[in-house]
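Have a look at the structure below before the remarks.
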Amino acid sequence: MGFAPNAGAADAQSKQWYLDEMRVHEMWKVSTGEGVKVAVIDSGVNPNTPSLKGQVLADEVPKAVAYHSTVDYLGHGTTMAELIAGTGSDGGLQGLAPGAKIVPYRVALAGLKTGSAEMKKTPKSWQAIRAAADTDAKIISMSFGGFVSPQEEEAIKYAASKGKLMVAAVGNAGTGKGTGNIDYPAGYPYVVGIAAVNSSFAVTKFSSYGNYVDLVAPGEGFPGWCDTTFRSYCDKAGTSPATAITAASAALIWSAHPNWTVNQVTRSLIDTASRTWAENDPSKYAGYGFIRPRKVLENAKYDAGAANVDPLAKENGGNLLAKSATSSSATSTPSASATSQARQKTSTGGTSAAGSSAESSNNSNTLWIALGGAAAVLVIGGAGVAVMRARRAR
């Protein structure tokens, strides 16, 4: 059952600081994400919240993995869906891509009792990924981690072969909590790993870091559903919301350019990301930088490069995404950026981040990100922590 947010939730949108910073109203004049479906693989999605009414396509979930897809046992999946495509009605969260639609998948995450009947009936993440790959959803958003298995890896490869853009949270084991190890599926090839920044555009201390961070997005300082009563919002933080906002950014771009391939959408996100370091020398904390879909949308003639060239080919170590492009659209000139030196993702080794920890020649701990007409400081990993650029594994 869905309930309208309480009076305290009326401030939800005012707390979504990134909406103004990313100039959503300018972007929405070009694209709202219309025509793009996003598969949200999570704890389920409640389609009856004020912000999600009419936004959730529950009937399009493949029957084999449809068990309780609209019964959210944590409130987490519903929050992610609202951040992507919420309408903001009645004080609810405003999605970055309110024209997009959500296809909900409920998978077994922490929160379901091990061995319970619910756990046994609920699909595993790899089953949902593989099922979503066979639908017309263009984007697969995965705000979860901790899944390493041959089935998971094969499902990721299968989805890549189908031309899906997969984004996943790198995890919340950063300097403030643990070792920094990046989670899976974010660590798998063909998955774009997302870390989080706060309202000061500092990479959060909880964000995991390493060779598999590809982009950063807002992930702290705004609300999400407190629990499964769906009565109120509470302050939330994590690489989960950053992943949802990245998925929404991709939906805005893909809606404006429906004939682009996953390679072109990904390349446009990378090439327009805000950073001060060389694009071929990505940061282990911030990857290629802060997402700026506006920079793509404001240029009607934006050149996204070759349709059949994976911009993260060296990191992915394969050509499944390249092969997934249609030959009829593979006529553009390849982009020189994001195809040179990069971090190489490997499919083995548990959940630890791989690659060299050697410092870059530029070890400043502040980076400047231009948002709109202003510049904001991006402090990598918190004050006093040197920027360390990830290098390609050899």
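Naming works like this for the structure tokens: A, B, ... for the chains as they're shown, residue 1 at the start of each chain, ligands 1 onward in shown order.
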
(request) Just the residues within 7 Å of stretch 322-326 of chain A, please, counting only C-alpha atoms, with nothing from its chain fewer than 6 positions along; format it as a PyMOL selection string. (result) chain A and resi 161-163+261+307-310

Keeping only N, CA and C atoms, write the selected residues as a tab-separated table (two decimals), in the first residue's frame.
```
chain	number	residue	atom	x	y	z
A	161	SER	N	25.99	-8.01	-24.19
A	161	SER	CA	25.83	-8.46	-25.58
A	161	SER	C	24.52	-7.97	-26.18
A	162	LYS	N	23.58	-7.60	-25.31
A	162	LYS	CA	22.29	-7.09	-25.75
A	162	LYS	C	22.27	-5.56	-25.83
A	163	GLY	N	23.42	-4.93	-25.56
A	163	GLY	CA	23.51	-3.49	-25.69
A	163	GLY	C	22.94	-2.69	-24.55
A	261	THR	N	23.78	4.18	-29.52
A	261	THR	CA	24.03	2.90	-28.87
A	261	THR	C	24.53	3.13	-27.46
A	307	ALA	N	29.50	4.39	-32.96
A	307	ALA	CA	28.47	3.57	-32.34
A	307	ALA	C	29.01	2.20	-31.93
A	308	ASN	N	30.01	1.73	-32.66
A	308	ASN	CA	30.49	0.36	-32.43
A	308	ASN	C	31.86	0.29	-31.77
A	309	VAL	N	32.23	1.36	-31.04
A	309	VAL	CA	33.48	1.37	-30.29
A	309	VAL	C	33.17	1.58	-28.81
A	310	ASP	N	33.53	0.62	-27.98
A	310	ASP	CA	33.31	0.70	-26.55
A	310	ASP	C	34.30	1.70	-25.95
```

(request) Within 10 Å of A:Gln127, counting only C-alpha atoms, which residues show up once you throw out same-chain ones fewer than 3 positions away? Write them as a ChimeraX atom specification, please. (result) /A:64-65,105,107,123-124,130-133,151-152,155

So that I have them on file, write out the residues from the current selection with all heavy atoms, as a JSON list (two decimals), in the first residue's frame.
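Output contents, as saved in again.json:
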```
[["chain", "number", "residue", "atom", "x", "y", "z"],
["A", 64, "ALA", "N", 8.98, -14.94, -15.08],
["A", 64, "ALA", "CA", 9.88, -15.82, -14.33],
["A", 64, "ALA", "C", 10.54, -15.13, -13.14],
["A", 64, "ALA", "O", 10.96, -15.79, -12.19],
["A", 64, "ALA", "CB", 10.95, -16.38, -15.26],
["A", 65, "VAL", "N", 10.62, -13.79, -13.19],
["A", 65, "VAL", "CA", 11.28, -13.05, -12.11],
["A", 65, "VAL", "C", 10.36, -11.98, -11.53],
["A", 65, "VAL", "O", 10.84, -11.02, -10.91],
["A", 65, "VAL", "CB", 12.60, -12.41, -12.60],
["A", 65, "VAL", "CG1", 13.63, -13.47, -12.93],
["A", 65, "VAL", "CG2", 12.34, -11.48, -13.78],
["A", 105, "TYR", "N", 12.31, -4.77, -10.49],
["A", 105, "TYR", "CA", 12.76, -6.14, -10.23],
["A", 105, "TYR", "C", 13.08, -6.27, -8.74],
["A", 105, "TYR", "O", 13.84, -5.47, -8.20],
["A", 105, "TYR", "CB", 14.00, -6.49, -11.05],
["A", 105, "TYR", "CG", 13.74, -6.60, -12.53],
["A", 105, "TYR", "CD1", 13.64, -5.46, -13.32],
["A", 105, "TYR", "CD2", 13.59, -7.84, -13.13],
["A", 105, "TYR", "CE1", 13.39, -5.55, -14.69],
["A", 105, "TYR", "CE2", 13.34, -7.94, -14.50],
["A", 105, "TYR", "CZ", 13.25, -6.79, -15.26],
["A", 105, "TYR", "OH", 13.00, -6.88, -16.61],
["A", 107, "VAL", "N", 14.86, -8.46, -5.96],
["A", 107, "VAL", "CA", 15.84, -9.53, -5.81],
["A", 107, "VAL", "C", 16.20, -9.70, -4.34],
["A", 107, "VAL", "O", 15.90, -8.84, -3.51],
["A", 107, "VAL", "CB", 17.12, -9.26, -6.64],
["A", 107, "VAL", "CG1", 16.78, -9.21, -8.13],
["A", 107, "VAL", "CG2", 17.81, -7.98, -6.21],
["A", 123, "PRO", "N", 13.72, -13.80, -6.73],
["A", 123, "PRO", "CA", 14.79, -14.08, -7.68],
["A", 123, "PRO", "C", 16.14, -13.60, -7.19],
["A", 123, "PRO", "O", 16.24, -12.67, -6.39],
["A", 123, "PRO", "CB", 14.36, -13.29, -8.93],
["A", 123, "PRO", "CG", 12.90, -13.09, -8.78],
["A", 123, "PRO", "CD", 12.66, -12.96, -7.32],
["A", 124, "LYS", "N", 17.18, -14.23, -7.68],
["A", 124, "LYS", "CA", 18.55, -13.77, -7.42],
["A", 124, "LYS", "C", 18.88, -12.67, -8.41],
["A", 124, "LYS", "O", 18.26, -12.56, -9.48],
["A", 124, "LYS", "CB", 19.51, -14.95, -7.55],
["A", 124, "LYS", "CG", 19.32, -16.02, -6.48],
["A", 124, "LYS", "CD", 20.29, -17.16, -6.66],
["A", 124, "LYS", "CE", 20.21, -18.15, -5.51],
["A", 124, "LYS", "NZ", 18.87, -18.73, -5.36],
["A", 130, "ARG", "N", 19.67, -11.10, -16.20],
["A", 130, "ARG", "CA", 19.50, -11.84, -17.46],
["A", 130, "ARG", "C", 18.10, -11.62, -18.04],
["A", 130, "ARG", "O", 17.94, -11.46, -19.26],
["A", 130, "ARG", "CB", 19.76, -13.33, -17.22],
["A", 130, "ARG", "CG", 19.69, -14.19, -18.46],
["A", 130, "ARG", "CD", 20.15, -15.60, -18.18],
["A", 130, "ARG", "NE", 21.60, -15.67, -18.10],
["A", 130, "ARG", "CZ", 22.40, -15.87, -19.13],
["A", 130, "ARG", "NH1", 21.90, -15.98, -20.35],
["A", 130, "ARG", "NH2", 23.70, -15.96, -18.97],
["A", 131, "ALA", "N", 17.11, -11.58, -17.17],
["A", 131, "ALA", "CA", 15.74, -11.35, -17.65],
["A", 131, "ALA", "C", 15.59, -9.95, -18.23],
["A", 131, "ALA", "O", 14.98, -9.76, -19.29],
["A", 131, "ALA", "CB", 14.74, -11.57, -16.51],
["A", 132, "ALA", "N", 16.17, -8.96, -17.55],
["A", 132, "ALA", "CA", 16.08, -7.57, -18.01],
["A", 132, "ALA", "C", 16.79, -7.41, -19.35],
["A", 132, "ALA", "O", 16.39, -6.58, -20.18],
["A", 132, "ALA", "CB", 16.69, -6.63, -16.98],
["A", 133, "ALA", "N", 17.82, -8.18, -19.57],
["A", 133, "ALA", "CA", 18.57, -8.10, -20.82],
["A", 133, "ALA", "C", 17.71, -8.47, -22.02],
["A", 133, "ALA", "O", 17.96, -8.02, -23.14],
["A", 133, "ALA", "CB", 19.81, -9.00, -20.76],
["A", 151, "GLN", "N", 27.47, -17.11, -12.24],
["A", 151, "GLN", "CA", 26.17, -16.78, -12.83],
["A", 151, "GLN", "C", 26.01, -15.27, -12.98],
["A", 151, "GLN", "O", 25.48, -14.79, -13.98],
["A", 151, "GLN", "CB", 25.04, -17.33, -11.96],
["A", 151, "GLN", "CG", 25.00, -18.84, -11.87],
["A", 151, "GLN", "CD", 25.67, -19.34, -10.61],
["A", 151, "GLN", "OE1", 26.66, -18.77, -10.17],
["A", 151, "GLN", "NE2", 25.11, -20.40, -10.03],
["A", 152, "GLU", "N", 26.48, -14.52, -11.98],
["A", 152, "GLU", "CA", 26.39, -13.05, -12.04],
["A", 152, "GLU", "C", 27.23, -12.52, -13.19],
["A", 152, "GLU", "O", 26.78, -11.66, -13.97],
["A", 152, "GLU", "CB", 26.88, -12.45, -10.71],
["A", 152, "GLU", "CG", 26.55, -10.99, -10.53],
["A", 152, "GLU", "CD", 25.19, -10.78, -9.89],
["A", 152, "GLU", "OE1", 24.53, -11.78, -9.51],
["A", 152, "GLU", "OE2", 24.78, -9.62, -9.77],
["A", 155, "ALA", "N", 25.62, -13.32, -16.52],
["A", 155, "ALA", "CA", 24.44, -12.49, -16.75],
["A", 155, "ALA", "C", 24.85, -11.09, -17.19],
["A", 155, "ALA", "O", 24.22, -10.50, -18.08],
["A", 155, "ALA", "CB", 23.60, -12.41, -15.48]]
```

(message) For stretch 166-168 of chain A, find every residue with an atom within 8 Å (counting only C-alpha atoms), except residues of its own chain fewer than 4 positions away, and show them as number ranges by chain.
(response) A: 139-145, 160, 185-186, 190-194, 240, 243, 246-247

(request) Return the single residue from A:Pro223, A:Pro189, A:Pro241, A:Pro104 that is closest to A:Pro62, with distances computed using only C-alpha atoms. (result)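 Ranking A:Pro223, A:Pro189, A:Pro241, A:Pro104 by distance to A:Pro62, first place goes to A:Pro104.
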
(request) Can you list, as a ChimeraX atom specification, all residues belonging to stretch 206-324 of chain A that DSSP tags as strand (DSSP E)? (result) /A:215-218,220-225,233-237

Keeping only all heavy atoms, write the selected residues as a CSV table (one decimal), in the first residue's frame.
```csv
chain,number,residue,atom,x,y,z
A,215,LEU,N,32.5,7.0,-12.7
A,215,LEU,CA,31.9,8.3,-12.6
A,215,LEU,C,31.5,8.6,-11.2
A,215,LEU,O,31.3,7.7,-10.4
A,215,LEU,CB,30.7,8.4,-13.6
A,215,LEU,CG,31.0,8.4,-15.1
A,215,LEU,CD1,29.7,8.1,-15.8
A,215,LEU,CD2,31.7,9.6,-15.6
A,216,VAL,N,31.3,9.9,-10.9
A,216,VAL,CA,30.7,10.2,-9.6
A,216,VAL,C,29.4,11.0,-9.8
A,216,VAL,O,29.2,11.7,-10.8
A,216,VAL,CB,31.6,11.1,-8.7
A,216,VAL,CG1,32.8,10.2,-8.2
A,216,VAL,CG2,32.2,12.3,-9.4
A,217,ALA,N,28.5,10.9,-8.8
A,217,ALA,CA,27.2,11.6,-8.9
A,217,ALA,C,26.7,11.9,-7.5
A,217,ALA,O,27.3,11.4,-6.5
A,217,ALA,CB,26.2,10.7,-9.6
A,218,PRO,N,25.7,12.8,-7.3
A,218,PRO,CA,25.2,13.1,-6.0
A,218,PRO,C,24.8,11.9,-5.2
A,218,PRO,O,24.0,11.1,-5.7
A,218,PRO,CB,24.0,14.1,-6.3
A,218,PRO,CG,24.4,14.7,-7.6
A,218,PRO,CD,25.0,13.5,-8.4
A,220,GLU,N,24.7,12.2,-1.3
A,220,GLU,CA,24.6,12.5,0.1
A,220,GLU,C,23.9,13.8,0.3
A,220,GLU,O,24.0,14.7,-0.6
A,220,GLU,CB,26.0,12.6,0.7
A,220,GLU,CG,26.0,12.8,2.2
A,220,GLU,CD,27.4,12.8,2.8
A,220,GLU,OE1,28.3,13.4,2.2
A,220,GLU,OE2,27.6,12.2,3.9
A,221,GLY,N,23.1,14.0,1.4
A,221,GLY,CA,22.5,15.2,1.7
A,221,GLY,C,21.1,15.4,1.2
A,221,GLY,O,20.6,16.5,1.1
A,222,PHE,N,20.4,14.3,0.8
A,222,PHE,CA,19.0,14.4,0.4
A,222,PHE,C,18.3,13.2,0.9
A,222,PHE,O,18.9,12.2,1.3
A,222,PHE,CB,18.9,14.6,-1.1
A,222,PHE,CG,19.7,13.7,-2.0
A,222,PHE,CD1,19.2,12.5,-2.4
A,222,PHE,CD2,21.0,14.0,-2.4
A,222,PHE,CE1,19.9,11.6,-3.2
A,222,PHE,CE2,21.7,13.2,-3.2
A,222,PHE,CZ,21.2,12.0,-3.5
A,223,PRO,N,16.9,13.2,0.9
A,223,PRO,CA,16.2,12.2,1.5
A,223,PRO,C,15.8,11.0,0.7
A,223,PRO,O,15.9,11.0,-0.5
A,223,PRO,CB,14.9,12.9,2.0
A,223,PRO,CG,14.7,14.0,0.9
A,223,PRO,CD,16.1,14.4,0.5
A,224,GLY,N,15.3,10.0,1.4
A,224,GLY,CA,14.8,8.8,0.8
A,224,GLY,C,13.8,8.2,1.8
A,224,GLY,O,13.6,8.6,2.9
A,225,TRP,N,13.0,7.2,1.3
A,225,TRP,CA,12.0,6.6,2.2
A,225,TRP,C,12.6,6.0,3.5
A,225,TRP,O,13.6,5.3,3.4
A,225,TRP,CB,11.2,5.6,1.5
A,225,TRP,CG,10.2,6.1,0.5
A,225,TRP,CD1,10.3,6.1,-0.9
A,225,TRP,CD2,9.0,6.9,0.8
A,225,TRP,NE1,9.2,6.8,-1.4
A,225,TRP,CE2,8.5,7.3,-0.4
A,225,TRP,CE3,8.4,7.3,2.0
A,225,TRP,CZ2,7.3,8.0,-0.5
A,225,TRP,CZ3,7.3,8.1,1.9
A,225,TRP,CH2,6.7,8.4,0.7
A,233,TYR,N,10.0,10.6,4.7
A,233,TYR,CA,11.4,10.5,4.2
A,233,TYR,C,12.3,10.8,5.3
A,233,TYR,O,12.0,11.5,6.2
A,233,TYR,CB,11.6,11.5,3.1
A,233,TYR,CG,10.9,11.3,1.8
A,233,TYR,CD1,9.9,12.1,1.3
A,233,TYR,CD2,11.2,10.2,1.0
A,233,TYR,CE1,9.2,11.9,0.1
A,233,TYR,CE2,10.5,10.0,-0.2
A,233,TYR,CZ,9.5,10.8,-0.6
A,233,TYR,OH,8.9,10.6,-1.8
A,234,CYS,N,13.5,10.2,5.2
A,234,CYS,CA,14.6,10.4,6.1
A,234,CYS,C,15.9,10.8,5.3
A,234,CYS,O,16.0,10.4,4.1
A,234,CYS,CB,14.9,9.2,7.0
A,234,CYS,SG,13.5,8.7,8.1
A,235,ASP,N,16.8,11.4,6.0
A,235,ASP,CA,18.1,11.7,5.3
A,235,ASP,C,18.8,10.4,5.0
A,235,ASP,O,18.9,9.5,5.8
A,235,ASP,CB,19.0,12.6,6.2
A,235,ASP,CG,18.4,14.0,6.3
A,235,ASP,OD1,17.6,14.4,5.5
A,235,ASP,OD2,18.8,14.7,7.3
A,236,LYS,N,19.3,10.3,3.8
A,236,LYS,CA,19.9,9.1,3.3
A,236,LYS,C,21.3,9.4,2.6
A,236,LYS,O,21.5,10.6,2.2
A,236,LYS,CB,19.1,8.3,2.3
A,236,LYS,CG,17.7,7.9,2.8
A,236,LYS,CD,17.9,6.7,3.7
A,236,LYS,CE,16.5,6.2,4.1
A,236,LYS,NZ,16.6,5.0,5.0
A,237,ALA,N,22.1,8.5,2.5
A,237,ALA,CA,23.4,8.7,1.8
A,237,ALA,C,23.9,7.3,1.3
A,237,ALA,O,23.7,6.3,2.0
A,237,ALA,CB,24.4,9.3,2.8
```

(request) Would you please extract all helix (DSSP H, G or I) residues from stretch 249-318 of chain A, as assigned by DSSP on the backbone, and give them as a PyMOL selection string? (result) chain A and resi 249-256+262-272+294-297+313-316

(request) Between A:Gly33, A:Gly187, A:Pro282, A:Gly77, single out the one closest to A:Ala244, counting only C-alpha atoms. (result)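 With only C-alpha atoms as the atom set, the closest residue is A:Gly77.
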
(request) Pick out the closest residue to A:Gly54 from this set: A:Ala12, A:Ile102, A:Val36, A:Leu96. Count only C-alpha atoms. (result)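 Closest candidate: A:Ile102.
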
(request) Skip A:Arg106 itself and residues of its chain fewer than 4 positions away, then list as a PyMOL selection string all residues within 9 Å of it, counting only C-alpha atoms. (result) chain A and resi 40-45+65-73+77+122-125+128

(message) Env of A:Trp260: 9 Å cut, atoms = only C-alpha atoms, seq-sep filter 3 positions within chain, self excluded. Answer as a list in words.
(response)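 Contacts, with the query itself left out: Trp254, His257, Asn263, Gln264, Val265, Ala304, Ala307, Ala325 and Ser329 of chain A.
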
(message) Under the rule that only C-alpha atoms are counted, which of A:Val203, A:Leu93, A:Ala58, A:Ile291 is the nearest residue to A:Thr79?
(response)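 Checking each candidate against A:Thr79, we get A:Leu93 as the closest.
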
(message) When you count only C-alpha atoms, which of these residues is closest to A:Gly95: A:Gln13, A:Ala39, A:Tyr188, A:Val296?
(response) A:Gln13

(message) Quick check, in Å to one decimal: how far apart do atom CA of A:Gln55 and atom CA of A:Glu82 lie?
(response)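 For atom CA of A:Gln55 relative to atom CA of A:Glu82, the distance reads 9.0 Å.
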
(message) Just checking: using only C-alpha atoms, which residue out of A:Cys226, A:Glu153, A:Leu269, A:Ala286 ends up closest to A:Thr204?
(response)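 So, comparing all the options, the nearest one is A:Ala286.
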